[in-house]
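Colleague: Pasting a structure here, questions to come.
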Amino acid sequence: MIPVTDSIFLTKLELSDAETINAHMRDKEISDNTLVIPFPYTIQDANTFLEDTAIKEEETGVQKNFAIRDGYGVLMGIIGIHFNFGLDAGKSEFGYWLGKKHWNKGVMTTVINKFCEVAKEKYKMKTLEAYVFYFNDTSMHVLQKCGFACTNDTITHTKRDDTKVLGIGFSKLL
Ligand SMILES: CC(C)(COP(=O)(O)OP(=O)(O)OC[C@H]1O[C@@H](n2cnc3c(N)ncnc32)[C@H](O)[C@@H]1OP(=O)(O)O)[C@@H](O)C(=O)NCCC(=O)NCCS
């Protein structure tokens with residue numbers, strides 16, 4: 001378990017987190033602002049995500065996704081590193097979401113700052129990158145608060161429903 005503050009912790013995801021994840025996903029904004037989270041979301045989607053995460057982490061021996069928990073151990077959101085350039089590349093994209101009831105309290109700013117330290121120390125990352133949908137001003141603002149700069153790189157993402165969304169690149173040297 002990695003303490004972020006006295007009341008925010010990063011831990012492993014558990015299969016028992018499915019109900020809480022499913023409840024957070026009733027807010028469509030989480031799906032709207034992320035690439036692969038479906039809407040409507042079902043308990044089966046949560047189970048599949050948790051099982052896939054457990055299998056991949058078991059196969060590689062590397063923890064990819066972290067539960068963001070409150071002081072009572074309740075899951076508030078998730079942050080994860082993608083290793084999209086490989087496990088030893090020193091560079092990776094990462095992604096994150098927080099349940100809507102926790103928004104605008106500074107949680108993700110604090111979590112991303114800690115996550116940058118974890119990525120550097122635990123995964124020997126030199127650079128973290130994120131692509132943010134062009135309309136997600138909140139996420140861009142959070143990244144900038146955490147020292148990320150816009151790279152002016154863009155990617156046209158294809159969502160699960162086949163719609164195309166422009167992602168704007170952000171990057172930070174750790
Ligand atoms: C993006 C997200 C993780 C932010 O988490 P959070 O804990 O609410 O973020 P914080 O409270 O640390 O910071 C939010 C900042 O954005 C600001 N903000 C809020 N709404 C905003 C808006 N519409 N435009 C610009 N900034 C906005 C807040 O004022 C705050 O900045 P401040 O501290 O300078 O006042 C959360 O909104 C979320 O999960 N969204 C849906 C999923 C998502 O977008 N994931 C990221 C994909 S790239």
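By order of appearance in the structure tokens: chains A, B, ..., then residues from 1 within every chain, and ligands from 1 in the order shown.
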Residues contacting ligand 1 - anything with an atom at most 8 Å away, using only C-alpha atoms and all ligand atoms - can you give me those as a ChimeraX atom specification?
Modeller: /A:29-34,77,95-100,102-110,130-133,136-142,145
Colleague: Could you name the residues that touch Leu15 (chain A) at 10 Å or less, counting only C-alpha atoms, but leaving out those on the same chain fewer than 2 positions away, as a short mmCIF file (atom, residue, chain, number, x, y, z; two decimals) with N, CA and C atoms, in the first residue's frame?
Modeller:
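And here is the file that came out, part_31.cif:
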data_model
loop_
_atom_site.label_atom_id
_atom_site.label_comp_id
_atom_site.auth_asym_id
_atom_site.auth_seq_id
_atom_site.Cartn_x
_atom_site.Cartn_y
_atom_site.Cartn_z
N LYS A 12 -3.45 -2.38 -4.49
CA LYS A 12 -3.87 -3.30 -5.55
C LYS A 12 -5.38 -3.24 -5.70
N LEU A 13 -5.84 -3.55 -6.90
CA LEU A 13 -7.28 -3.74 -7.11
C LEU A 13 -7.65 -5.14 -6.63
N ASP A 17 -13.81 -5.24 -5.72
CA ASP A 17 -14.04 -3.82 -6.05
C ASP A 17 -15.09 -3.65 -7.16
N ALA A 18 -15.56 -4.77 -7.73
CA ALA A 18 -16.44 -4.67 -8.91
C ALA A 18 -17.68 -3.82 -8.66
N GLU A 19 -18.36 -4.04 -7.52
CA GLU A 19 -19.61 -3.30 -7.23
C GLU A 19 -19.35 -1.80 -7.16
N ALA A 46 -17.09 -4.65 -15.10
CA ALA A 46 -16.16 -4.46 -13.97
C ALA A 46 -15.43 -5.76 -13.67
N ASN A 47 -16.16 -6.88 -13.66
CA ASN A 47 -15.52 -8.17 -13.38
C ASN A 47 -14.46 -8.49 -14.43
N THR A 48 -14.80 -8.24 -15.71
CA THR A 48 -13.85 -8.54 -16.80
C THR A 48 -12.60 -7.69 -16.65
N PHE A 49 -12.78 -6.39 -16.37
CA PHE A 49 -11.63 -5.50 -16.19
C PHE A 49 -10.73 -5.99 -15.04
N LEU A 50 -11.36 -6.36 -13.91
CA LEU A 50 -10.57 -6.78 -12.74
C LEU A 50 -9.87 -8.11 -13.00
N GLU A 51 -10.56 -9.03 -13.68
CA GLU A 51 -9.94 -10.33 -13.99
C GLU A 51 -8.78 -10.15 -14.97
N THR A 53 -6.98 -7.47 -15.44
CA THR A 53 -5.87 -6.83 -14.72
C THR A 53 -5.10 -7.85 -13.90
N ALA A 54 -5.83 -8.71 -13.17
CA ALA A 54 -5.17 -9.72 -12.32
C ALA A 54 -4.33 -10.67 -13.17
#
Colleague: My list of candidates is A:Ser7, A:Asn84, A:Ser16, A:Ser92. Which is closest to Cys116 (chain A) when distances are computed with only C-alpha atoms?
Modeller: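 Checking each candidate against Cys116 (chain A), we get A:Ser92 as the closest.
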Colleague: With distances taken over only C-alpha atoms, which residue among A:Thr42, A:Thr127, A:Thr11, A:Thr151 lies nearest Arg26 (chain A)?
Modeller: A:Thr42
Colleague: Could you pull the residues within 8 Å of Ile155 (chain A), counting only C-alpha atoms, minus those fewer than 2 positions along the same chain, as a PyMOL selection string?
Modeller: chain A and resi 131+153+157+166-169
Colleague: Extract the full set of strand (DSSP E) residues from region 15-98 of chain A according to DSSP on the backbone, and format it as an NGL selection string.
Modeller: :A and (65-70 or 75-81 or 91-98)
Colleague: Just to be explicit: take each residue in the selection above, keep C-alpha atoms, and write the result as a short mmCIF file (atom, residue, chain, number, x, y, z; two decimals), in the first residue's frame.
Modeller:
data_model
loop_
_atom_site.label_atom_id
_atom_site.label_comp_id
_atom_site.auth_asym_id
_atom_site.auth_seq_id
_atom_site.Cartn_x
_atom_site.Cartn_y
_atom_site.Cartn_z
CA ASN A 65 -3.35 -0.52 -12.17
CA PHE A 66 -3.79 0.99 -8.72
CA ALA A 67 -6.98 1.50 -6.73
CA ILE A 68 -7.23 5.01 -5.29
CA ARG A 69 -8.79 4.40 -1.86
CA ASP A 70 -10.04 6.60 0.96
CA LEU A 75 -12.31 2.70 -3.94
CA MET A 76 -12.60 6.31 -5.17
CA GLY A 77 -11.02 5.79 -8.61
CA ILE A 78 -8.21 4.13 -10.53
CA ILE A 79 -4.85 5.21 -11.94
CA GLY A 80 -2.82 2.96 -14.21
CA ILE A 81 0.34 2.87 -16.29
CA LYS A 91 8.46 5.95 -21.04
CA SER A 92 4.75 5.18 -20.86
CA GLU A 93 1.28 6.61 -21.16
CA PHE A 94 -0.92 6.51 -18.09
CA GLY A 95 -4.63 7.00 -17.42
CA TYR A 96 -6.92 7.80 -14.52
CA TRP A 97 -10.50 8.41 -13.42
CA LEU A 98 -12.21 9.36 -10.19
#
Colleague: Region 20-151 of chain A: which residues are helix (DSSP H, G or I) by DSSP, as a PyMOL selection string?
Modeller: chain A and resi 20-24+28-32+43-60+100-102+107-123+137-145
Colleague: With only C-alpha atoms as the counted atoms, please give the residues lying no more than 10 Å from Val62 (chain A), apart from itself and same-chain residues fewer than 4 positions off, as a PyMOL selection string.
Modeller: chain A and resi 56-58+87+122-123
Colleague: For a quick check of understanding, using only C-alpha atoms, which of A:Val111, A:Ala149, A:Val118, A:Leu143 has the smallest distance to Ile8 (chain A)?
Modeller: A:Val111
Colleague: Identify which of the residues A:Phe148, A:Phe83, A:Tyr72, A:Phe170 lies closest to Asn113 (chain A), counting only C-alpha atoms when measuring atom-to-atom distances.
Modeller: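 Of A:Phe148, A:Phe83, A:Tyr72, A:Phe170, the one nearest Asn113 (chain A), counting only C-alpha atoms, is A:Phe148.
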Colleague: If I take CA of Gln63 (chain A) and CA of Met125 (chain A), how far is one from the other in Å, to one decimal?
Modeller: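 About the pair CA of Gln63 (chain A) and CA of Met125 (chain A): they are 13.9 Å apart.
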